[in-house]
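Working notes, structure below.
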Amino acid sequence: MMVNTGIIFFPAFDWSLGETHPEREERLLYTQEQIFEEGIMDFPQIKQYSPEVADIFDVLRTQAIFPDYRQHDLDAHLIAVGSSIILGKAIIEKELTNGFALIRPPGHHSGATVWGNRGFCTLNNEAILINTLRAKYGLKKLAIVDTDVHHGDGTQDIFYNDPNVLYISIHQDGRTLFPGTGFTEEKGGPNAWGTVINIPLVPGVGDEGFIYTFENWILPKLQEFQPEIIINSAGQDNHFTDPLASMNVSAQGYGKITELLKPDLAVLEGGYSIQGALPYVNMAILLALAGEDYSGVIEPQKLKNMEVSGEAFLSFIHDLKKHHDNVKPNWIFRKEKYFPSGDWVYGEKDIFYDTHWFRERRKDYVRKCNHCGGTVLMLSQNLETYEKGLVIRIPFEACETCEQAGYDLFDALKEREKNIFLQNLKNNKVIWRIGNGEVNFG
Ligand SMILES: [Zn+2]
Ligand SMILES: [Zn+2]
């Protein structure tokens with residue numbers, strides 16, 4: 001089969017968290033050099049696209065940015081998002097078979113409410129892309145498979161109550177690595193139970209374990225869910241040379257995972273072994289997407305770590321899957337006096353912003369509904385400044401009662417709260433109420 005593979009390079013040379021920071025400008029330089037030197041761009045099926053800036057409305061439909069998005073430096077992030085959207089659209093419009101957005105900054109730690117940068121992420125590239133494609137093309141069922149070594153807690157947060165987005169994350173166990181989440185018990189909200197799948201692996205798993213898990217767990221789940229599009233959050237920090245994590249995947253392993261998964265679009269996430277891994281892993285992924293042989297892509301270093309494999313891995317993964325399958329939900333019902341009718345499921349959590357070292361507290365209420373994803377109310381507070389921000393989200397294809405519940409909440413809250421986002425995904429509108437003013441998007 002002839003494929004057309006699109007790529008975009010956006011190395012964000014003027015965005016950096018510091019010269020010695022692992023998430024720095026050179027992350028994509030070596031990859032770019034390697035791909036050009038090896039003549040990969042001469043393959044007729046590989047087509048390079050130019051980066052573009054995303055519209056802020058595309059961001060605000062998916063993420064509420066507090067206290068005011070104009071106070072954050074979003075320039076590089078908006079280009080990373082925009083580049084993902086360019087490739088996504090080209091794929092939906094059948095101009096491309098698949099694509100690889102080689103961009104930075106990364107995005108998967110950035111959630112539904114944003115007070116700053118965390119885990120090097122401010123905007124969630126894949127989540128914004130997915131909701132933009134749904135809004136513009138009416139896609140119904142979508143999947144994100146996150147192969148970064150860190151749990152994509154931001155992506156999970158955004159889609160936790162969305163029954164039409166399957167989020168699967170395979171990562172190093174959160175007890176041993178940032179951000180400390182992504183356990184098997186986290187399986188989605190009351191209207192979306194089972195559409196979040198977390199596969200936290202013990203440190204030391206390599207190609208064999210990853211390939212086994214794809215073939216025996218991840219691919220069957222995708223087959224069952226039947227998404228119209230599969231996005232791969234392609235983090236490369238599972239590589240055995242990565243300085244931030246402890247896994248043992250090789251460039252060949254990443255090539256094989258890509259070949260098995262067949263993502264429509266791979267979007268670069270983490271990966272901090274800038275010379276030892278990134279150029280090779282990126283090349284293996286690109287060749288696999290383009291249907292070319294990647295067996296010649298071999299990193300200079302050899303695997304020297306102890307790999308968790310064979311019987312030890314099989315027994316581990318079978319126990320983990322069994323545990324995942326047996327977890328039962330435990331909903332807490334709670335509502336305030338001003339809430340519209342229905343049963344509301346409550347949850348709370350603290351979100352740590354490691355870049356600037358502060359916490360956000362989130363209290364979420366989801367309207368339980370058998371007809372749609374359910375309206376969600378998120379009460380967010382920055383625990384450093386005590387500023388508050390609220391989000392009311394009416395889901396895509398909301399039923400009439402849930403949509404009305406969203407507007408009723410907005411009316412009840414707008415006089416007493418200063419900063420509220422109403423995201424109506426059904427009608428593709430965002431209202432941002434700040435002070436006594438309102439800004440309308442869409
Ligand atoms: Zn990562
Ligand atoms: Zn509903």
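Order determines the names: the first chain of the structure tokens is A, the second B, and so forth; residues in each chain are numbered 1 upward, and ligands are numbered 1 upward as they are shown.
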Produce a table with one row for each residue of chain A that has an atom at most 10 Å from any atom of ligand 1, each row naming the nearest atom pair and its distance in Å at one decimal; use only C-alpha atoms and all ligand atoms; arrange rows by chain and rising residue number; format as a Markdown table.
| residue | atom | partner | partner_atom_place_in_ligand_line | distance |
| --- | --- | --- | --- | --- |
| A:Glu23 | CA | ligand 1 | 1 (Zn) | 10.0 |
| A:Pro106 | CA | ligand 1 | 1 (Zn) | 8.7 |
| A:Gly107 | CA | ligand 1 | 1 (Zn) | 9.7 |
| A:His108 | CA | ligand 1 | 1 (Zn) | 8.4 |
| A:His109 | CA | ligand 1 | 1 (Zn) | 8.9 |
| A:Gly119 | CA | ligand 1 | 1 (Zn) | 7.9 |
| A:Phe120 | CA | ligand 1 | 1 (Zn) | 9.2 |
| A:Asp146 | CA | ligand 1 | 1 (Zn) | 9.7 |
| A:Thr147 | CA | ligand 1 | 1 (Zn) | 8.7 |
| A:Asp148 | CA | ligand 1 | 1 (Zn) | 4.9 |
| A:Val149 | CA | ligand 1 | 1 (Zn) | 5.0 |
| A:His150 | CA | ligand 1 | 1 (Zn) | 4.4 |
| A:His151 | CA | ligand 1 | 1 (Zn) | 7.5 |
| A:Gly152 | CA | ligand 1 | 1 (Zn) | 8.1 |
| A:His171 | CA | ligand 1 | 1 (Zn) | 8.8 |
| A:Gln172 | CA | ligand 1 | 1 (Zn) | 9.7 |
| A:Leu177 | CA | ligand 1 | 1 (Zn) | 9.7 |
| A:Phe178 | CA | ligand 1 | 1 (Zn) | 8.6 |
| A:Pro179 | CA | ligand 1 | 1 (Zn) | 9.6 |
| A:Ser233 | CA | ligand 1 | 1 (Zn) | 9.7 |
| A:Ala234 | CA | ligand 1 | 1 (Zn) | 9.1 |
| A:Gly235 | CA | ligand 1 | 1 (Zn) | 5.7 |
| A:Gln236 | CA | ligand 1 | 1 (Zn) | 7.2 |
| A:Asp237 | CA | ligand 1 | 1 (Zn) | 5.6 |
| A:Asn238 | CA | ligand 1 | 1 (Zn) | 8.1 |
| A:Asp242 | CA | ligand 1 | 1 (Zn) | 9.8 |
| A:Leu244 | CA | ligand 1 | 1 (Zn) | 8.2 |
| A:Ala245 | CA | ligand 1 | 1 (Zn) | 8.4 |
| A:Leu268 | CA | ligand 1 | 1 (Zn) | 9.9 |
| A:Glu269 | CA | ligand 1 | 1 (Zn) | 6.4 |
| A:Gly270 | CA | ligand 1 | 1 (Zn) | 4.1 |
| A:Gly271 | CA | ligand 1 | 1 (Zn) | 6.2 |
| A:Tyr272 | CA | ligand 1 | 1 (Zn) | 8.3 |
Any chance you can output those residues with C-alpha atoms as an mmCIF file, in the first residue's frame?
data_model
loop_
_atom_site.group_PDB
_atom_site.id
_atom_site.type_symbol
_atom_site.label_atom_id
_atom_site.label_comp_id
_atom_site.auth_asym_id
_atom_site.auth_seq_id
_atom_site.Cartn_x
_atom_site.Cartn_y
_atom_site.Cartn_z
ATOM 1 C CA GLU A 23 13.770 20.206 27.748
ATOM 2 C CA PRO A 106 5.486 19.015 24.673
ATOM 3 C CA GLY A 107 1.932 18.995 26.062
ATOM 4 C CA HIS A 108 0.626 15.891 27.833
ATOM 5 C CA HIS A 109 0.995 17.178 31.423
ATOM 6 C CA GLY A 119 6.295 18.882 33.303
ATOM 7 C CA PHE A 120 7.540 21.295 30.571
ATOM 8 C CA ASP A 146 0.539 7.732 25.098
ATOM 9 C CA THR A 147 3.934 6.040 24.866
ATOM 10 C CA ASP A 148 5.856 8.627 26.877
ATOM 11 C CA VAL A 149 7.557 7.221 29.987
ATOM 12 C CA HIS A 150 5.633 9.713 32.141
ATOM 13 C CA HIS A 151 1.918 9.366 32.742
ATOM 14 C CA GLY A 152 0.028 11.871 30.568
ATOM 15 C CA HIS A 171 4.387 4.501 31.424
ATOM 16 C CA GLN A 172 6.814 3.969 34.269
ATOM 17 C CA LEU A 177 8.481 8.941 38.551
ATOM 18 C CA PHE A 178 6.806 12.328 37.946
ATOM 19 C CA PRO A 179 3.891 13.089 37.959
ATOM 20 C CA SER A 233 1.663 10.885 22.172
ATOM 21 C CA ALA A 234 5.115 9.816 21.103
ATOM 22 C CA GLY A 235 7.396 10.364 24.060
ATOM 23 C CA GLN A 236 10.800 8.802 23.669
ATOM 24 C CA ASP A 237 11.944 8.796 27.244
ATOM 25 C CA ASN A 238 11.361 5.027 27.517
ATOM 26 C CA ASP A 242 17.137 8.534 28.820
ATOM 27 C CA LEU A 244 15.131 11.120 33.448
ATOM 28 C CA ALA A 245 13.680 7.596 33.529
ATOM 29 C CA LEU A 268 6.373 14.224 19.890
ATOM 30 C CA GLU A 269 6.244 14.400 23.670
ATOM 31 C CA GLY A 270 9.284 13.885 25.917
ATOM 32 C CA GLY A 271 12.678 12.307 25.309
ATOM 33 C CA TYR A 272 15.779 13.823 26.841
#
Under the rule of at most 9 Å, produce a per-residue listing of region 290-362 of chain A near region 187-204 of chain A: chain, number, name, the closest pair of atoms, and the distance in Å, as a Markdown table, using only C-alpha atoms.
| residue | atom | partner | partner_atom | distance |
| --- | --- | --- | --- | --- |
| A:Asn305 | CA | A:Gly204 | CA | 7.6 |
| A:Met306 | CA | A:Gly204 | CA | 6.6 |
| A:Glu307 | CA | A:Gly204 | CA | 5.0 |
| A:Val308 | CA | A:Gly204 | CA | 5.2 |
| A:Ser309 | CA | A:Gly204 | CA | 8.5 |
| A:Phe316 | CA | A:Val202 | CA | 8.4 |
| A:Ile317 | CA | A:Leu201 | CA | 8.1 |
| A:Leu320 | CA | A:Ile199 | CA | 7.7 |
| A:Lys321 | CA | A:Ile199 | CA | 8.2 |
| A:His324 | CA | A:Ile197 | CA | 8.2 |
| A:Val327 | CA | A:Lys187 | CA | 8.5 |
| A:Pro329 | CA | A:Trp193 | CA | 7.9 |
| A:Trp331 | CA | A:Pro190 | CA | 7.4 |
| A:Val345 | CA | A:Pro190 | CA | 7.2 |
(message) Which residues are close to region 246-255 of chain A, i.e. within 6 Å by only C-alpha atoms, leaving aside same-chain residues fewer than 5 positions away? Reply as a list in words.
(response) Pro203, Gly204, Val205, Gly206, Asp207, Asn238, His239, Phe240, Tyr280, Val281, Ala284, Ile285 and Ala288 of chain A
(request) as an MDAnalysis selection string, list the residues of region 116-306 of chain A assigned to strand (DSSP E) by DSSP on the backbone atoms of this structure. (result) chainID A and resid 142:146 165:172 196:201 229:234 265:268
Please produce an output containing C-alpha atoms for each residue in the selection, written as a PDB file, in the first residue's frame.
ATOM      1  CA  LEU A 142     -11.049   9.051  18.896  1.00  0.00           C
ATOM      2  CA  ALA A 143      -8.136   7.479  20.702  1.00  0.00           C
ATOM      3  CA  ILE A 144      -4.866   8.675  22.166  1.00  0.00           C
ATOM      4  CA  VAL A 145      -2.151   6.163  22.951  1.00  0.00           C
ATOM      5  CA  ASP A 146       0.539   7.732  25.098  1.00  0.00           C
ATOM      6  CA  VAL A 165     -12.166   9.452  23.663  1.00  0.00           C
ATOM      7  CA  LEU A 166     -10.179   6.381  24.640  1.00  0.00           C
ATOM      8  CA  TYR A 167      -7.000   7.353  26.465  1.00  0.00           C
ATOM      9  CA  ILE A 168      -4.395   4.632  26.959  1.00  0.00           C
ATOM     10  CA  SER A 169      -1.141   5.447  28.714  1.00  0.00           C
ATOM     11  CA  ILE A 170       1.765   3.034  29.119  1.00  0.00           C
ATOM     12  CA  HIS A 171       4.387   4.501  31.424  1.00  0.00           C
ATOM     13  CA  GLN A 172       6.814   3.969  34.269  1.00  0.00           C
ATOM     14  CA  VAL A 196      -9.105   5.558  30.452  1.00  0.00           C
ATOM     15  CA  ILE A 197      -6.587   2.736  30.646  1.00  0.00           C
ATOM     16  CA  ASN A 198      -3.401   3.124  32.619  1.00  0.00           C
ATOM     17  CA  ILE A 199      -0.580   0.624  32.310  1.00  0.00           C
ATOM     18  CA  PRO A 200       2.049   1.532  34.908  1.00  0.00           C
ATOM     19  CA  LEU A 201       5.146  -0.590  34.313  1.00  0.00           C
ATOM     20  CA  ILE A 229      -8.435   8.295  14.428  1.00  0.00           C
ATOM     21  CA  ILE A 230      -5.511   7.227  16.616  1.00  0.00           C
ATOM     22  CA  ILE A 231      -3.098   9.840  17.932  1.00  0.00           C
ATOM     23  CA  ASN A 232       0.177   8.686  19.446  1.00  0.00           C
ATOM     24  CA  SER A 233       1.663  10.885  22.172  1.00  0.00           C
ATOM     25  CA  ALA A 234       5.115   9.816  21.103  1.00  0.00           C
ATOM     26  CA  LEU A 265      -0.565  10.945  13.776  1.00  0.00           C
ATOM     27  CA  ALA A 266       2.408  10.781  16.120  1.00  0.00           C
ATOM     28  CA  VAL A 267       3.018  13.935  18.153  1.00  0.00           C
ATOM     29  CA  LEU A 268       6.373  14.224  19.890  1.00  0.00           C
TER      30      LEU A 268
END
(message) Give me, as an MDAnalysis selection string, the set of residues whose atoms come within 7 Å of any atom of ligand 2, counting only C-alpha atoms and all ligand atoms.
(response) chainID A and resid 369:375 398:402
(request) Do a neighbour search on Glu387 (chain A) at 12 Å with only C-alpha atoms, toss out local chain neighbours closer than 6 positions, and write the hits as a ChimeraX atom specification. (result) /A:66-68,115,359-361,379-381,417-420
Serialized selection, N, CA and C atoms, as a tab-separated table (two decimals), in the first residue's frame:
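Listing of again_8.tsv after writing:
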chain	number	residue	atom	x	y	z
A	66	PHE	N	-5.88	30.24	33.32
A	66	PHE	CA	-6.11	31.22	34.39
A	66	PHE	C	-4.82	31.90	34.81
A	67	PRO	N	-4.83	33.09	35.41
A	67	PRO	CA	-6.06	33.87	35.59
A	67	PRO	C	-6.49	34.56	34.29
A	68	ASP	N	-5.56	34.67	33.31
A	68	ASP	CA	-5.85	35.36	32.06
A	68	ASP	C	-4.85	34.85	31.03
A	115	TRP	N	-2.69	26.86	35.11
A	115	TRP	CA	-2.19	28.06	35.82
A	115	TRP	C	-0.74	28.34	35.48
A	359	ARG	N	0.92	24.58	43.81
A	359	ARG	CA	-0.15	23.61	43.64
A	359	ARG	C	-1.47	24.27	43.24
A	360	GLU	N	-2.26	23.49	42.55
A	360	GLU	CA	-3.62	23.89	42.21
A	360	GLU	C	-4.54	22.88	42.88
A	361	ARG	N	-5.66	23.36	43.45
A	361	ARG	CA	-6.65	22.41	43.95
A	361	ARG	C	-7.84	22.38	43.01
A	379	LEU	N	-14.03	23.42	39.77
A	379	LEU	CA	-13.67	24.57	40.61
A	379	LEU	C	-12.18	24.47	40.86
A	380	SER	N	-11.47	25.48	40.40
A	380	SER	CA	-10.02	25.41	40.48
A	380	SER	C	-9.50	26.56	41.33
A	381	GLN	N	-8.47	26.27	42.13
A	381	GLN	CA	-7.87	27.34	42.90
A	381	GLN	C	-6.35	27.19	42.92
A	417	GLU	N	-18.87	34.64	41.12
A	417	GLU	CA	-17.49	34.27	40.80
A	417	GLU	C	-16.94	35.19	39.72
A	418	LYS	N	-15.65	35.50	39.80
A	418	LYS	CA	-15.08	36.50	38.91
A	418	LYS	C	-14.49	35.95	37.61
A	419	ASN	N	-14.19	34.66	37.60
A	419	ASN	CA	-13.45	34.13	36.44
A	419	ASN	C	-14.04	32.77	36.05
A	420	ILE	N	-14.87	32.77	35.02
A	420	ILE	CA	-15.57	31.53	34.64
A	420	ILE	C	-15.47	31.28	33.14
(message) For a quick check of understanding, using only C-alpha atoms, which of A:Phe358, A:Leu422, A:Pro163, A:Gln34 has the smallest distance to Glu299 (chain A)?
(response) A:Gln34
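CA of Thr181 (chain A) is found 24.3 Å from CA of Lys368 (chain A).
Between CA of Ala412 (chain A) and CA of Ile392 (chain A) the separation is 11.6 Å.
Between CA of Asn124 (chain A) and CA of Asp364 (chain A) the separation is 19.6 Å.
Nearest residue to Ile92 (chain A) among A:Pro51, A:Pro279, A:Pro105, A:Asp264 is A:Asp264, counting only C-alpha atoms.
Here the question is which of A:Lys388, A:His21, A:Lys429, A:Lys337 gets nearest to Val59 (chain A) using only C-alpha atoms, and that residue is A:Lys429.
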(message) Quick one: residues within 6 Å of Val53 (chain A), only C-alpha atoms, excluding same-chain residues fewer than 6 positions away - as a list of chain:residue names?
(response) A:Leu78, A:Ile79, A:Gly82
Restricted to C-alpha atoms, what would the selected residues look like written as a compact mmCIF listing (two decimals), in the first residue's frame?
# COMPACT_ATOMS: atom_id res chain seq x y z
CA LEU A 78 0.59 27.93 20.02
CA ILE A 79 2.89 26.97 17.15
CA GLY A 82 -0.97 24.70 15.32
(message) Between A:Thr213, A:Thr122, A:Lys328, A:Tyr386, which residue has the minimum interatomic distance to Glu185 (chain A), considering only C-alpha atoms?
(response) A:Lys328
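Distances here use only C-alpha atoms; by that measure, the residue among A:Arg433, A:Pro263, A:Asn440, A:Lys256 closest to Val297 (chain A) is A:Lys256.
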(message) So that I can check the surroundings of region 289-296 of chain A, please list as a VMD selection string every protein, DNA and RNA residue that reaches within 8 Å of it, counting only C-alpha atoms and ignoring chain neighbours fewer than 6 positions away.
(response) chain A and resid 3 to 5 45 to 46 98 to 99 252 255 258 to 259 262 to 263 283
Kindly save the residues from that selection, with C-alpha atoms included, as a compact mmCIF listing (two decimals), in the first residue's frame.
# COMPACT_ATOMS: atom_id res chain seq x y z
CA VAL A 3 1.37 5.80 2.02
CA ASN A 4 1.86 9.55 2.25
CA THR A 5 3.54 10.64 5.46
CA GLN A 45 6.05 9.53 0.23
CA ILE A 46 7.43 11.90 2.88
CA ASN A 98 -0.33 9.60 8.48
CA GLY A 99 2.07 12.11 10.00
CA GLN A 252 14.04 -0.60 17.00
CA GLY A 255 9.84 1.37 15.35
CA THR A 258 4.74 2.30 15.69
CA GLU A 259 4.36 -0.48 13.15
CA LYS A 262 -0.34 2.33 13.09
CA PRO A 263 -1.18 5.76 14.50
CA MET A 283 13.97 8.10 12.54
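Near Ile56 (chain A), within a cut-off of 12 Å and counting only C-alpha atoms, sit the residues Leu60, Arg61, Thr62, Gln63, Ala64, Ile65, Tyr69, Arg70, Leu74, Asp75, His77, Leu78, Ile79, Val81, Gly82, Leu123, Ile128, Thr132, Val430, Asn440, Phe441 and Gly442 of chain A, with same-chain residues fewer than 4 positions away left out.
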Please dump the current selection as a PDB file, in the first residue's frame; keep C-alpha atoms.
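Okay, this is what ended up in result25.pdb:
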ATOM      1  CA  LEU A  60      -9.916  27.580  25.062  1.00  0.00           C
ATOM      2  CA  ARG A  61     -12.434  25.053  23.771  1.00  0.00           C
ATOM      3  CA  THR A  62     -10.309  22.406  25.519  1.00  0.00           C
ATOM      4  CA  GLN A  63      -8.316  24.169  28.237  1.00  0.00           C
ATOM      5  CA  ALA A  64      -9.248  27.048  30.525  1.00  0.00           C
ATOM      6  CA  ILE A  65      -6.225  29.237  31.164  1.00  0.00           C
ATOM      7  CA  TYR A  69      -4.406  33.618  29.005  1.00  0.00           C
ATOM      8  CA  ARG A  70      -2.926  36.930  27.802  1.00  0.00           C
ATOM      9  CA  LEU A  74       2.087  31.058  24.743  1.00  0.00           C
ATOM     10  CA  ASP A  75       3.885  31.894  21.472  1.00  0.00           C
ATOM     11  CA  HIS A  77       3.098  26.551  22.505  1.00  0.00           C
ATOM     12  CA  LEU A  78       0.589  27.926  20.015  1.00  0.00           C
ATOM     13  CA  ILE A  79       2.894  26.966  17.148  1.00  0.00           C
ATOM     14  CA  VAL A  81      -0.440  23.110  18.741  1.00  0.00           C
ATOM     15  CA  GLY A  82      -0.966  24.704  15.321  1.00  0.00           C
ATOM     16  CA  LEU A 123      -0.813  23.654  26.274  1.00  0.00           C
ATOM     17  CA  ILE A 128      -6.523  20.560  21.524  1.00  0.00           C
ATOM     18  CA  THR A 132     -10.513  20.819  17.031  1.00  0.00           C
ATOM     19  CA  VAL A 430     -16.751  29.425  24.567  1.00  0.00           C
ATOM     20  CA  ASN A 440     -17.253  35.257  23.327  1.00  0.00           C
ATOM     21  CA  PHE A 441     -15.433  32.796  21.113  1.00  0.00           C
ATOM     22  CA  GLY A 442     -16.964  30.882  18.209  1.00  0.00           C
TER      23      GLY A 442
END
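The smallest atom-to-atom distance between Asp350 (chain A) and any of A:Glu438, A:Asp55, A:Asp157, A:Glu215, using only C-alpha atoms, is found for A:Asp157.
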